[in-house]
$ cat upload_3.cif   # mmCIF, C-alpha atoms
data_entry
loop_
_atom_site.group_PDB
_atom_site.id
_atom_site.type_symbol
_atom_site.label_atom_id
_atom_site.label_comp_id
_atom_site.auth_asym_id
_atom_site.auth_seq_id
_atom_site.Cartn_x
_atom_site.Cartn_y
_atom_site.Cartn_z
ATOM 1 C CA MET M 8 17.953 -4.171 0.809
ATOM 2 C CA GLN M 9 15.569 -6.354 -1.152
ATOM 3 C CA ASN M 10 14.698 -5.714 -4.788
ATOM 4 C CA VAL M 11 10.977 -6.130 -5.379
ATOM 5 C CA ARG M 12 9.070 -6.345 -8.657
ATOM 6 C CA VAL M 13 5.625 -7.214 -7.370
ATOM 7 C CA VAL M 14 3.345 -6.143 -4.530
ATOM 8 C CA GLU M 15 1.595 -9.101 -2.911
ATOM 9 C CA LEU M 16 -1.610 -8.469 -0.974
ATOM 10 C CA ASN M 17 -3.352 -10.710 1.535
ATOM 11 C CA GLU M 18 -6.477 -11.956 -0.257
ATOM 12 C CA GLN M 19 -8.523 -11.813 2.938
ATOM 13 C CA ASN M 20 -8.043 -8.149 3.870
ATOM 14 C CA ASN M 21 -5.810 -6.563 1.184
ATOM 15 C CA GLU M 22 -3.076 -5.921 3.725
ATOM 16 C CA GLU M 23 0.293 -5.932 2.003
ATOM 17 C CA VAL M 24 2.422 -9.060 2.470
ATOM 18 C CA LEU M 25 5.970 -7.875 3.139
ATOM 19 C CA PRO M 26 8.767 -10.220 1.954
ATOM 20 C CA GLY M 27 11.232 -11.100 4.701
ATOM 21 C CA TYR M 28 9.305 -9.184 7.380
ATOM 22 C CA THR M 29 9.122 -10.841 10.828
ATOM 23 C CA GLU M 30 7.662 -9.877 14.186
ATOM 24 C CA GLU M 31 11.067 -10.571 15.771
ATOM 25 C CA PHE M 32 12.598 -7.755 13.692
ATOM 26 C CA PRO M 33 9.677 -5.697 12.351
ATOM 27 C CA TYR M 34 11.552 -3.811 9.637
ATOM 28 C CA ILE M 35 12.513 -4.292 5.993
ATOM 29 C CA ALA M 36 14.197 -2.085 3.400
ATOM 30 C CA THR M 37 13.194 -2.543 -0.224
ATOM 31 C CA CYS M 38 14.090 -1.136 -3.612
ATOM 32 C CA ALA M 39 10.988 -0.977 -5.807
ATOM 33 C CA ARG M 40 11.808 -0.931 -9.522
ATOM 34 C CA ILE M 41 8.310 -0.062 -10.592
ATOM 35 C CA ASN M 42 8.885 -0.218 -14.359
ATOM 36 C CA GLU M 43 9.616 -3.939 -13.973
ATOM 37 C CA TYR M 44 6.280 -4.660 -12.259
ATOM 38 C CA LEU M 45 3.786 -6.672 -14.287
ATOM 39 C CA ASN M 46 1.196 -4.172 -13.064
ATOM 40 C CA PRO M 47 2.822 -0.897 -11.947
ATOM 41 C CA ASP M 48 -0.512 0.446 -10.660
ATOM 42 C CA ILE M 49 -0.695 -0.713 -7.037
ATOM 43 C CA PRO M 50 -4.320 -1.393 -5.977
ATOM 44 C CA TRP M 51 -6.045 -0.148 -2.836
ATOM 45 C CA HIS M 52 -4.520 -1.645 0.304
ATOM 46 C CA TRP M 53 -3.294 -0.817 3.793
ATOM 47 C CA HIS M 54 -0.753 -2.050 6.335
ATOM 48 C CA ARG M 55 -0.135 -1.381 10.000
ATOM 49 C CA GLN M 56 3.510 -0.689 9.216
ATOM 50 C CA VAL M 57 4.670 2.832 8.447
ATOM 51 C CA GLU M 58 5.986 3.348 4.907
ATOM 52 C CA LEU M 59 8.890 5.806 4.754
ATOM 53 C CA PHE M 60 10.362 6.291 1.295
ATOM 54 C CA TYR M 61 12.713 8.196 -0.999
ATOM 55 C CA MET M 62 12.146 8.724 -4.735
ATOM 56 C CA LYS M 63 15.461 7.837 -6.367
ATOM 57 C CA SER M 64 14.064 8.460 -9.853
ATOM 58 C CA GLY M 65 10.790 8.959 -11.674
ATOM 59 C CA SER M 66 7.487 10.012 -10.145
ATOM 60 C CA LEU M 67 4.673 8.359 -8.198
ATOM 61 C CA GLU M 68 1.165 9.455 -7.339
ATOM 62 C CA TYR M 69 -0.262 8.268 -4.013
ATOM 63 C CA THR M 70 -4.027 8.419 -3.495
ATOM 64 C CA THR M 71 -6.056 7.988 -0.304
ATOM 65 C CA PRO M 72 -9.823 8.406 0.123
ATOM 66 C CA HIS M 73 -9.154 12.054 0.988
ATOM 67 C CA GLY M 74 -6.570 13.269 -1.495
ATOM 68 C CA SER M 75 -3.661 12.704 -3.880
ATOM 69 C CA TRP M 76 0.063 13.458 -3.554
ATOM 70 C CA THR M 77 2.669 13.419 -6.308
ATOM 71 C CA PHE M 78 6.272 12.546 -5.459
ATOM 72 C CA THR M 79 9.044 13.260 -7.955
ATOM 73 C CA GLU M 80 12.771 12.458 -8.046
ATOM 74 C CA GLY M 81 14.568 13.695 -4.927
ATOM 75 C CA MET M 82 11.429 13.916 -2.806
ATOM 76 C CA ALA M 83 10.600 11.677 0.134
ATOM 77 C CA GLY M 84 7.498 10.900 2.121
ATOM 78 C CA MET M 85 5.642 8.818 4.637
ATOM 79 C CA VAL M 86 2.402 6.832 4.480
ATOM 80 C CA ASN M 87 0.954 6.500 7.956
ATOM 81 C CA SER M 88 -0.060 3.278 9.691
ATOM 82 C CA ASN M 89 -3.341 1.652 8.528
ATOM 83 C CA ILE M 90 -4.025 4.278 5.861
ATOM 84 C CA LEU M 91 -5.996 3.023 2.874
ATOM 85 C CA HIS M 92 -4.034 3.993 -0.241
ATOM 86 C CA CYS M 93 -3.046 3.109 -3.785
ATOM 87 C CA SER M 94 -0.245 4.362 -6.031
ATOM 88 C CA ARG M 95 0.763 4.579 -9.671
ATOM 89 C CA PRO M 96 3.701 5.906 -11.716
ATOM 90 C CA LEU M 97 2.884 9.033 -13.712
ATOM 91 C CA SER M 98 4.915 7.745 -16.653
ATOM 92 C CA LEU M 99 6.756 4.581 -17.643
ATOM 93 C CA LYS M 100 8.929 6.392 -20.192
ATOM 94 C CA ASN M 101 11.484 7.091 -17.458
ATOM 95 C CA GLU M 102 12.730 4.687 -14.785
ATOM 96 C CA ASN M 103 10.723 4.811 -11.553
ATOM 97 C CA VAL M 104 12.755 3.628 -8.559
ATOM 98 C CA GLN M 105 11.610 3.985 -4.955
ATOM 99 C CA LEU M 106 13.609 3.106 -1.824
ATOM 100 C CA LEU M 107 11.496 2.192 1.203
ATOM 101 C CA HIS M 108 11.862 1.729 4.936
ATOM 102 C CA ILE M 109 8.846 -0.279 6.131
ATOM 103 C CA PHE M 110 8.502 -0.857 9.861
ATOM 104 C CA ASP M 111 6.049 -1.417 12.664
ATOM 105 C CA PRO M 112 6.041 1.636 14.968
ATOM 106 C CA VAL M 113 6.588 -0.742 17.900
ATOM 107 C CA PHE M 114 10.154 -1.068 16.549
ATOM 108 C CA LEU M 115 10.716 2.453 17.894
ATOM 109 C CA ALA M 116 8.407 2.287 20.919
ATOM 110 C CA GLY M 117 9.891 -0.922 22.362
ATOM 111 C CA GLU M 118 6.523 -2.470 23.236
ATOM 112 C CA HIS M 119 2.824 -1.742 23.014
ATOM 113 C CA GLY M 120 1.519 0.419 25.835
ATOM 114 C CA SER M 121 4.901 1.861 26.682
ATOM 115 C CA GLN M 122 5.433 5.502 27.608
ATOM 116 C CA MET M 123 7.457 5.892 24.407
ATOM 117 C CA GLU M 124 4.474 4.741 22.360
ATOM 118 C CA LYS M 125 2.004 7.024 24.136
ATOM 119 C CA LYS M 126 4.260 10.084 24.060
ATOM 120 C CA TYR M 127 5.937 9.833 20.666
ATOM 121 C CA ILE M 128 4.257 7.230 18.449
ATOM 122 C CA PHE M 129 0.507 7.709 18.935
ATOM 123 C CA PRO M 130 0.539 11.476 18.269
ATOM 124 C CA LEU M 131 1.402 10.591 14.670
ATOM 125 C CA THR M 132 -0.033 7.113 14.021
ATOM 126 C CA ALA M 133 -3.342 7.818 15.783
ATOM 127 C CA ASN M 134 -3.817 11.102 13.934
ATOM 128 C CA ARG M 135 -6.201 10.292 11.084
ATOM 129 C CA ASP M 136 -5.568 13.741 9.584
ATOM 130 C CA VAL M 137 -1.988 12.675 8.859
ATOM 131 C CA GLU M 138 -2.363 10.213 6.015
ATOM 132 C CA VAL M 139 0.621 11.089 3.840
ATOM 133 C CA ILE M 140 3.543 13.432 4.535
ATOM 134 C CA MET M 141 5.401 15.063 1.641
ATOM 135 C CA LEU M 142 9.056 16.104 2.001
ATOM 136 C CA HIS M 143 10.560 18.575 -0.492
ATOM 137 C CA PRO M 144 14.345 18.880 -0.967
ATOM 138 C CA GLU M 145 14.128 22.647 -1.537
ATOM 139 C CA LYS M 146 12.782 23.221 2.002
ATOM 140 C CA ALA M 147 15.579 23.223 4.595
ATOM 141 C CA LYS M 148 13.737 21.445 7.436
ATOM 142 C CA GLU M 149 12.388 18.806 5.063
ATOM 143 C CA LYS M 150 15.740 18.379 3.294
ATOM 144 C CA LYS M 151 17.253 17.473 6.663
ATOM 145 C CA ILE M 152 14.728 14.641 7.053
ATOM 146 C CA ILE M 153 15.300 13.467 3.470
ATOM 147 C CA ASP M 154 19.043 13.268 4.132
ATOM 148 C CA HIS M 155 18.421 11.138 7.244
ATOM 149 C CA ILE M 156 16.110 8.829 5.272
ATOM 150 C CA GLN M 157 18.766 8.324 2.605
ATOM 151 C CA ALA M 158 21.542 7.806 5.157
ATOM 152 C CA ALA M 159 19.564 5.057 6.911
ATOM 153 C CA PHE M 160 19.680 2.955 3.729
ATOM 154 C CA SER M 161 23.480 2.985 3.924
ATOM 155 C CA ILE M 162 23.695 1.282 7.316
ATOM 156 C CA SER M 163 25.244 -2.120 6.649
ATOM 157 C CA GLU M 164 23.418 -5.178 7.938
ATOM 158 C CA GLN M 165 26.825 -6.773 8.452
ATOM 159 C CA LYS M 166 27.923 -4.052 10.848
ATOM 160 C CA SER M 167 28.038 -4.915 14.543
ATOM 161 C CA GLY M 168 25.153 -3.168 16.255
ATOM 162 C CA TYR M 169 23.272 -2.709 12.967
ATOM 163 C CA GLU M 170 19.848 -3.084 14.605
ATOM 164 C CA PHE M 171 20.587 -0.446 17.263
ATOM 165 C CA GLU M 172 22.043 2.011 14.748
ATOM 166 C CA LEU M 173 19.084 1.552 12.418
ATOM 167 C CA ARG M 174 16.561 2.105 15.196
ATOM 168 C CA GLU M 175 18.433 5.202 16.344
ATOM 169 C CA SER M 176 18.399 6.575 12.785
ATOM 170 C CA LEU M 177 14.674 5.927 12.333
ATOM 171 C CA ALA M 178 13.958 7.446 15.756
ATOM 172 C CA LYS M 179 15.684 10.692 14.709
ATOM 173 C CA ILE M 180 13.612 10.771 11.534
ATOM 174 C CA TRP M 181 10.461 10.154 13.576
ATOM 175 C CA LEU M 182 11.191 13.023 15.970
ATOM 176 C CA ASN M 183 11.810 15.345 13.038
ATOM 177 C CA LEU M 184 8.479 14.285 11.496
ATOM 178 C CA LEU M 185 6.728 14.988 14.806
ATOM 179 C CA GLU M 186 8.276 18.446 14.877
ATOM 180 C CA LEU M 187 7.301 19.067 11.269
ATOM 181 C CA THR M 188 3.666 18.053 11.771
ATOM 182 C CA GLU M 189 3.415 20.310 14.816
ATOM 183 C CA LEU M 190 4.823 23.207 12.787
ATOM 184 C CA ILE M 191 2.225 22.871 10.046
ATOM 185 C CA GLY M 192 -0.643 22.635 12.490
ATOM 186 C CA TRP M 193 -1.863 19.040 12.421
ATOM 187 C CA LYS M 194 -3.795 18.100 15.533
ATOM 188 C CA GLN M 195 -5.039 14.870 17.066
ATOM 189 C CA ALA M 196 -8.195 13.546 15.429
ATOM 190 C CA GLY M 197 -10.583 10.730 16.200
ATOM 191 C CA VAL M 198 -11.128 7.493 14.284
ATOM 192 C CA ASN M 199 -12.668 8.055 10.865
ATOM 193 C CA ARG M 200 -15.703 5.776 10.947
ATOM 194 C CA GLN M 201 -16.179 5.920 7.191
ATOM 195 C CA ASP M 202 -12.621 4.652 6.636
ATOM 196 C CA GLU M 203 -13.344 1.679 8.890
ATOM 197 C CA LYS M 204 -16.638 0.956 7.106
ATOM 198 C CA ILE M 205 -15.109 1.013 3.606
ATOM 199 C CA LYS M 206 -12.443 -1.408 4.833
ATOM 200 C CA SER M 207 -15.220 -3.700 6.106
ATOM 201 C CA LEU M 208 -16.899 -3.546 2.693
ATOM 202 C CA MET M 209 -13.605 -4.404 0.999
ATOM 203 C CA ILE M 210 -13.024 -7.323 3.353
ATOM 204 C CA TYR M 211 -16.515 -8.658 2.558
ATOM 205 C CA VAL M 212 -15.562 -8.694 -1.141
ATOM 206 C CA HIS M 213 -12.265 -10.440 -0.317
ATOM 207 C CA GLU M 214 -14.078 -13.136 1.643
ATOM 208 C CA HIS M 215 -16.837 -13.737 -0.938
ATOM 209 C CA TYR M 216 -15.237 -12.912 -4.310
ATOM 210 C CA GLN M 217 -15.663 -16.523 -5.493
ATOM 211 C CA GLU M 218 -19.436 -16.218 -5.084
ATOM 212 C CA PRO M 219 -21.978 -14.005 -6.876
ATOM 213 C CA ILE M 220 -22.041 -10.671 -4.989
ATOM 214 C CA SER M 221 -24.829 -8.138 -5.387
ATOM 215 C CA VAL M 222 -24.574 -4.535 -4.240
ATOM 216 C CA GLU M 223 -27.553 -5.231 -1.971
ATOM 217 C CA GLN M 224 -25.652 -8.048 -0.225
ATOM 218 C CA LEU M 225 -22.593 -5.852 0.095
ATOM 219 C CA ALA M 226 -24.581 -2.994 1.635
ATOM 220 C CA GLU M 227 -26.385 -5.311 4.058
ATOM 221 C CA SER M 228 -23.043 -6.684 5.319
ATOM 222 C CA VAL M 229 -22.337 -3.342 7.052
ATOM 223 C CA TYR M 230 -25.988 -2.306 7.626
ATOM 224 C CA ILE M 231 -26.182 0.531 5.119
ATOM 225 C CA SER M 232 -28.457 1.221 2.151
ATOM 226 C CA LYS M 233 -27.593 0.351 -1.439
ATOM 227 C CA ARG M 234 -27.391 4.070 -2.218
ATOM 228 C CA ALA M 235 -25.032 4.682 0.700
ATOM 229 C CA CYS M 236 -22.882 1.774 -0.484
ATOM 230 C CA PHE M 237 -22.495 3.327 -3.940
ATOM 231 C CA ARG M 238 -21.677 6.698 -2.382
ATOM 232 C CA MET M 239 -19.105 5.216 -0.004
ATOM 233 C CA PHE M 240 -17.201 3.440 -2.784
ATOM 234 C CA GLN M 241 -17.232 6.530 -5.012
ATOM 235 C CA GLU M 242 -16.133 8.893 -2.243
ATOM 236 C CA ASN M 243 -13.389 6.634 -0.901
ATOM 237 C CA LEU M 244 -12.133 4.447 -3.770
ATOM 238 C CA HIS M 245 -13.358 6.560 -6.697
ATOM 239 C CA MET M 246 -15.085 3.575 -8.310
ATOM 240 C CA SER M 247 -18.412 1.753 -8.065
ATOM 241 C CA PRO M 248 -18.911 -1.365 -5.895
ATOM 242 C CA VAL M 249 -19.115 -3.529 -9.042
ATOM 243 C CA GLU M 250 -15.894 -2.030 -10.409
ATOM 244 C CA TYR M 251 -14.150 -2.846 -7.132
ATOM 245 C CA ILE M 252 -15.460 -6.428 -7.167
ATOM 246 C CA HIS M 253 -14.140 -6.886 -10.713
ATOM 247 C CA SER M 254 -10.830 -5.241 -9.795
ATOM 248 C CA PHE M 255 -10.262 -7.536 -6.821
ATOM 249 C CA ARG M 256 -11.195 -10.656 -8.790
ATOM 250 C CA ILE M 257 -8.666 -9.715 -11.466
ATOM 251 C CA GLN M 258 -6.084 -9.004 -8.780
ATOM 252 C CA ARG M 259 -6.666 -12.495 -7.374
ATOM 253 C CA ALA M 260 -6.562 -14.002 -10.884
ATOM 254 C CA CYS M 261 -3.154 -12.418 -11.471
ATOM 255 C CA GLN M 262 -1.852 -14.297 -8.430
ATOM 256 C CA LEU M 263 -3.351 -17.601 -9.616
ATOM 257 C CA LEU M 264 -1.924 -17.265 -13.116
ATOM 258 C CA SER M 265 1.508 -18.115 -11.683
ATOM 259 C CA ASP M 266 0.197 -21.675 -11.193
ATOM 260 C CA GLU M 267 0.597 -23.204 -14.647
ATOM 261 C CA GLN M 268 -1.342 -26.294 -13.556
ATOM 262 C CA LYS M 269 -4.563 -24.280 -13.502
ATOM 263 C CA THR M 270 -6.322 -23.596 -16.783
ATOM 264 C CA ILE M 271 -7.680 -20.152 -17.670
ATOM 265 C CA THR M 272 -11.208 -21.546 -17.360
ATOM 266 C CA GLU M 273 -10.488 -22.908 -13.861
ATOM 267 C CA ILE M 274 -9.055 -19.565 -12.764
ATOM 268 C CA ALA M 275 -12.069 -17.705 -14.183
ATOM 269 C CA GLN M 276 -14.462 -19.916 -12.220
ATOM 270 C CA GLU M 277 -12.351 -19.820 -9.037
ATOM 271 C CA CYS M 278 -12.321 -16.016 -9.121
ATOM 272 C CA GLY M 279 -16.081 -15.714 -9.558
ATOM 273 C CA PHE M 280 -16.226 -14.680 -13.225
ATOM 274 C CA GLY M 281 -18.365 -17.594 -14.350
ATOM 275 C CA THR M 282 -17.109 -17.931 -17.914
ATOM 276 C CA SER M 283 -13.611 -17.661 -19.366
ATOM 277 C CA SER M 284 -14.830 -15.336 -22.154
ATOM 278 C CA TYR M 285 -16.224 -12.816 -19.642
ATOM 279 C CA PHE M 286 -13.044 -13.153 -17.585
ATOM 280 C CA GLY M 287 -10.890 -12.560 -20.662
ATOM 281 C CA LYS M 288 -12.880 -9.463 -21.645
ATOM 282 C CA LEU M 289 -12.556 -7.815 -18.223
ATOM 283 C CA PHE M 290 -8.931 -8.903 -17.825
ATOM 284 C CA ARG M 291 -7.899 -7.319 -21.141
ATOM 285 C CA ARG M 292 -9.719 -4.114 -20.238
ATOM 286 C CA LYS M 293 -7.901 -3.873 -16.887
ATOM 287 C CA MET M 294 -4.458 -5.320 -17.686
ATOM 288 C CA ASP M 295 -4.135 -4.463 -21.395
ATOM 289 C CA CYS M 296 -3.267 -8.072 -22.238
ATOM 290 C CA THR M 297 -4.925 -11.491 -22.203
ATOM 291 C CA PRO M 298 -4.635 -13.838 -19.199
ATOM 292 C CA GLU M 299 -2.372 -16.116 -21.246
ATOM 293 C CA GLN M 300 -0.093 -13.220 -22.235
ATOM 294 C CA TYR M 301 0.085 -12.163 -18.588
ATOM 295 C CA ARG M 302 1.022 -15.716 -17.600
ATOM 296 C CA ARG M 303 3.886 -15.724 -20.123
ATOM 297 C CA LYS M 304 5.156 -12.347 -18.874
ATOM 298 C CA MET M 305 5.067 -13.634 -15.299
ATOM 299 C CA ALA M 306 7.014 -16.776 -16.273
ATOM 300 C CA ARG M 307 9.806 -14.612 -17.740
ATOM 301 C CA LEU M 308 10.070 -12.581 -14.533
ATOM 302 C CA LEU M 309 10.014 -15.473 -12.040
#

$ encode --input "upload_3.cif" --output "structure tokens"
Amino acid sequence: MQNVRVVELNEQNNEEVLPGYTEEFPYIATCARINEYLNPDIPWHWHRQVELFYMKSGSLEYTTPHGSWTFTEGMAGMVNSNILHCSRPLSLKNENVQLLHIFDPVFLAGEHGSQMEKKYIFPLTANRDVEVIMLHPEKAKEKKIIDHIQAAFSISEQKSGYEFELRESLAKIWLNLLELTELIGWKQAGVNRQDEKIKSLMIYVHEHYQEPISVEQLAESVYISKRACFRMFQENLHMSPVEYIHSFRIQRACQLLSDEQKTITEIAQECGFGTSSYFGKLFRRKMDCTPEQYRRKMARLL
């Protein structure tokens, strides 16, 4: 299991970059010690992999365009494939530790287009009504799934047949989740077109963040009005288009600050802020420290 202290996102599409993840073995287990993150608030992102997790300590709030879920110590949950989401700890006074299984559903299905995928995987991953699943230890059926999630972390990578045993364990969890979702009445739903459009708007920002971006340009990129663009960002990301542009530029700047060869002024210009003073003002407002202070904190962690 890998210990992680930072979430890295692909600058082109905000898909999470998973350390050590390969297509040959599309699974990783990580231990997220969130209090040690430079920025414990994880920005909006998505990934095709399923995120199955257990809260070892502390509490986390997950938010999607359609709701929020709070997970506390002892709870577990799942974030479905390709769901736009962000997360944040409710408090940093206590230690927040999260254990995660992250895997491509094809790991269970065997291959794309297989009968296994059609019969057992798609009913969950293709259901846009199932964004996040909460599992409570005080509920017997859910406690059973939580126990299986915890047990899967104990399978030794050094053990002969580790890959088969892990897949078998995750498959049991998956079947239990299918049963649970059927019990609480979730049904197959179609593609949410608004979700796809907001992702397209985000990707436009990711591709053009170094340039001046107006809300008019952003709206025209997906053939909607300026008013509709404002509404879509507020309804889905709970912020304005300009706030998202600033947020992504700062996110990108945080990545560049690890390169000590680049000056603060160079980073400000590369991230589309224009001047270092404007960059510094927005950075302090978002990160509660100056770019230089952030750089020093990062150097101590790396």

$ closest_atom_pairs --input "upload_3.cif" --of "range 131-159 of chain M" --to "range 62-78 of chain M" --cutoff "9 Å" --atoms "only C-alpha atoms" --output "JSON lines"
{"residue": "M:Glu138", "atom": "CA", "partner": "M:Thr71", "partner_atom": "CA", "distance": 7.6}
{"residue": "M:Val139", "atom": "CA", "partner": "M:Trp76", "partner_atom": "CA", "distance": 7.8}
{"residue": "M:Ile140", "atom": "CA", "partner": "M:Trp76", "partner_atom": "CA", "distance": 8.8}
{"residue": "M:Met141", "atom": "CA", "partner": "M:Phe78", "partner_atom": "CA", "distance": 7.6}
{"residue": "M:Leu142", "atom": "CA", "partner": "M:Phe78", "partner_atom": "CA", "distance": 8.7}
{"residue": "M:His143", "atom": "CA", "partner": "M:Phe78", "partner_atom": "CA", "distance": 8.9}

$ closest_residue --input "upload_3.cif" --among "M:Leu173, M:Gln122, M:Val104, M:Lys150" --to "Glu43 in chain M" --atoms "all atoms listed in the file"
M:Val104

$ atom_distance --input "upload_3.cif" --atom1 "CA of Ser228 in chain M" --atom2 "CA of Tyr211 in chain M"
7.4 Å

$ residues_around --input "upload_3.cif" --residues "range 123-129 of chain M" --least-positions-apart "3" --cutoff "12 Å" --atoms "all atoms listed in the file" --output "PyMOL selection string"
chain M and resi 57+87-88+111-120+132-135+137+178-186+194-197

$ closest_residue --input "upload_3.cif" --among "M:Met305, M:Met82, M:Ile252, M:Tyr61" --to "Ala158 in chain M" --atoms "all atoms listed in the file"
M:Tyr61

$ resolve_selection --input "upload_3.cif" --expression "the PyMOL selection byres ((chain M and resi 286) around 9)" --output "mmCIF file with C-alpha atoms, keeping the file's coordinate frame"
data_model
loop_
_atom_site.group_PDB
_atom_site.id
_atom_site.type_symbol
_atom_site.label_atom_id
_atom_site.label_comp_id
_atom_site.auth_asym_id
_atom_site.auth_seq_id
_atom_site.Cartn_x
_atom_site.Cartn_y
_atom_site.Cartn_z
ATOM 1 C CA ILE M 257 -8.666 -9.715 -11.466
ATOM 2 C CA ILE M 271 -7.680 -20.152 -17.670
ATOM 3 C CA THR M 272 -11.208 -21.546 -17.360
ATOM 4 C CA ILE M 274 -9.055 -19.565 -12.764
ATOM 5 C CA ALA M 275 -12.069 -17.705 -14.183
ATOM 6 C CA GLN M 276 -14.462 -19.916 -12.220
ATOM 7 C CA CYS M 278 -12.321 -16.016 -9.121
ATOM 8 C CA GLY M 279 -16.081 -15.714 -9.558
ATOM 9 C CA PHE M 280 -16.226 -14.680 -13.225
ATOM 10 C CA GLY M 281 -18.365 -17.594 -14.350
ATOM 11 C CA THR M 282 -17.109 -17.931 -17.914
ATOM 12 C CA SER M 283 -13.611 -17.661 -19.366
ATOM 13 C CA SER M 284 -14.830 -15.336 -22.154
ATOM 14 C CA TYR M 285 -16.224 -12.816 -19.642
ATOM 15 C CA GLY M 287 -10.890 -12.560 -20.662
ATOM 16 C CA LYS M 288 -12.880 -9.463 -21.645
ATOM 17 C CA LEU M 289 -12.556 -7.815 -18.223
ATOM 18 C CA PHE M 290 -8.931 -8.903 -17.825
ATOM 19 C CA ARG M 291 -7.899 -7.319 -21.141
ATOM 20 C CA PRO M 298 -4.635 -13.838 -19.199
#

$ residues_near_point --input "upload_3.cif" --point "(-4.4, -2.6, -8.6)" --cutoff "9 Å" --atoms "only C-alpha atoms" --output "number ranges by chain"
M: 46-52, 93-95, 254-255, 257-258

$ build_atoms --input "upload_3.cif" --residues "range 120-136 of chain M" --atoms "N, CA and C atoms" --output "short mmCIF file (atom, residue, chain, number, x, y, z; two decimals), in the coordinates of the input"
data_model
loop_
_atom_site.label_atom_id
_atom_site.label_comp_id
_atom_site.auth_asym_id
_atom_site.auth_seq_id
_atom_site.Cartn_x
_atom_site.Cartn_y
_atom_site.Cartn_z
N GLY M 120 1.92 -0.10 24.53
CA GLY M 120 1.52 0.42 25.84
C GLY M 120 2.61 1.14 26.59
N SER M 121 3.79 1.21 26.00
CA SER M 121 4.90 1.86 26.68
C SER M 121 4.73 3.38 26.68
N GLN M 122 5.47 4.05 27.56
CA GLN M 122 5.43 5.50 27.61
C GLN M 122 5.94 6.10 26.30
N MET M 123 6.93 5.43 25.69
CA MET M 123 7.46 5.89 24.41
C MET M 123 6.36 5.90 23.35
N GLU M 124 5.54 4.84 23.35
CA GLU M 124 4.47 4.74 22.36
C GLU M 124 3.44 5.83 22.58
N LYS M 125 3.03 6.03 23.83
CA LYS M 125 2.00 7.02 24.14
C LYS M 125 2.48 8.45 23.86
N LYS M 126 3.74 8.71 24.15
CA LYS M 126 4.26 10.08 24.06
C LYS M 126 4.72 10.45 22.66
N TYR M 127 5.30 9.49 21.94
CA TYR M 127 5.94 9.83 20.67
C TYR M 127 5.34 9.15 19.43
N ILE M 128 4.75 7.96 19.61
CA ILE M 128 4.26 7.23 18.45
C ILE M 128 2.80 7.57 18.16
N PHE M 129 1.93 7.47 19.15
CA PHE M 129 0.51 7.71 18.93
C PHE M 129 0.17 9.10 18.40
N PRO M 130 0.88 10.15 18.82
CA PRO M 130 0.54 11.48 18.27
C PRO M 130 0.58 11.53 16.74
N LEU M 131 1.34 10.62 16.13
CA LEU M 131 1.40 10.59 14.67
C LEU M 131 0.53 9.47 14.10
N THR M 132 0.70 8.24 14.61
CA THR M 132 -0.03 7.11 14.02
C THR M 132 -1.53 7.15 14.31
N ALA M 133 -1.92 7.76 15.44
CA ALA M 133 -3.34 7.82 15.78
C ALA M 133 -4.02 9.05 15.20
N ASN M 134 -3.25 9.89 14.52
CA ASN M 134 -3.82 11.10 13.93
C ASN M 134 -4.32 10.80 12.53
N ARG M 135 -5.62 10.66 12.38
CA ARG M 135 -6.20 10.29 11.08
C ARG M 135 -6.13 11.43 10.07
N ASP M 136 -5.78 12.64 10.52
CA ASP M 136 -5.57 13.74 9.58
C ASP M 136 -4.22 13.63 8.88
#
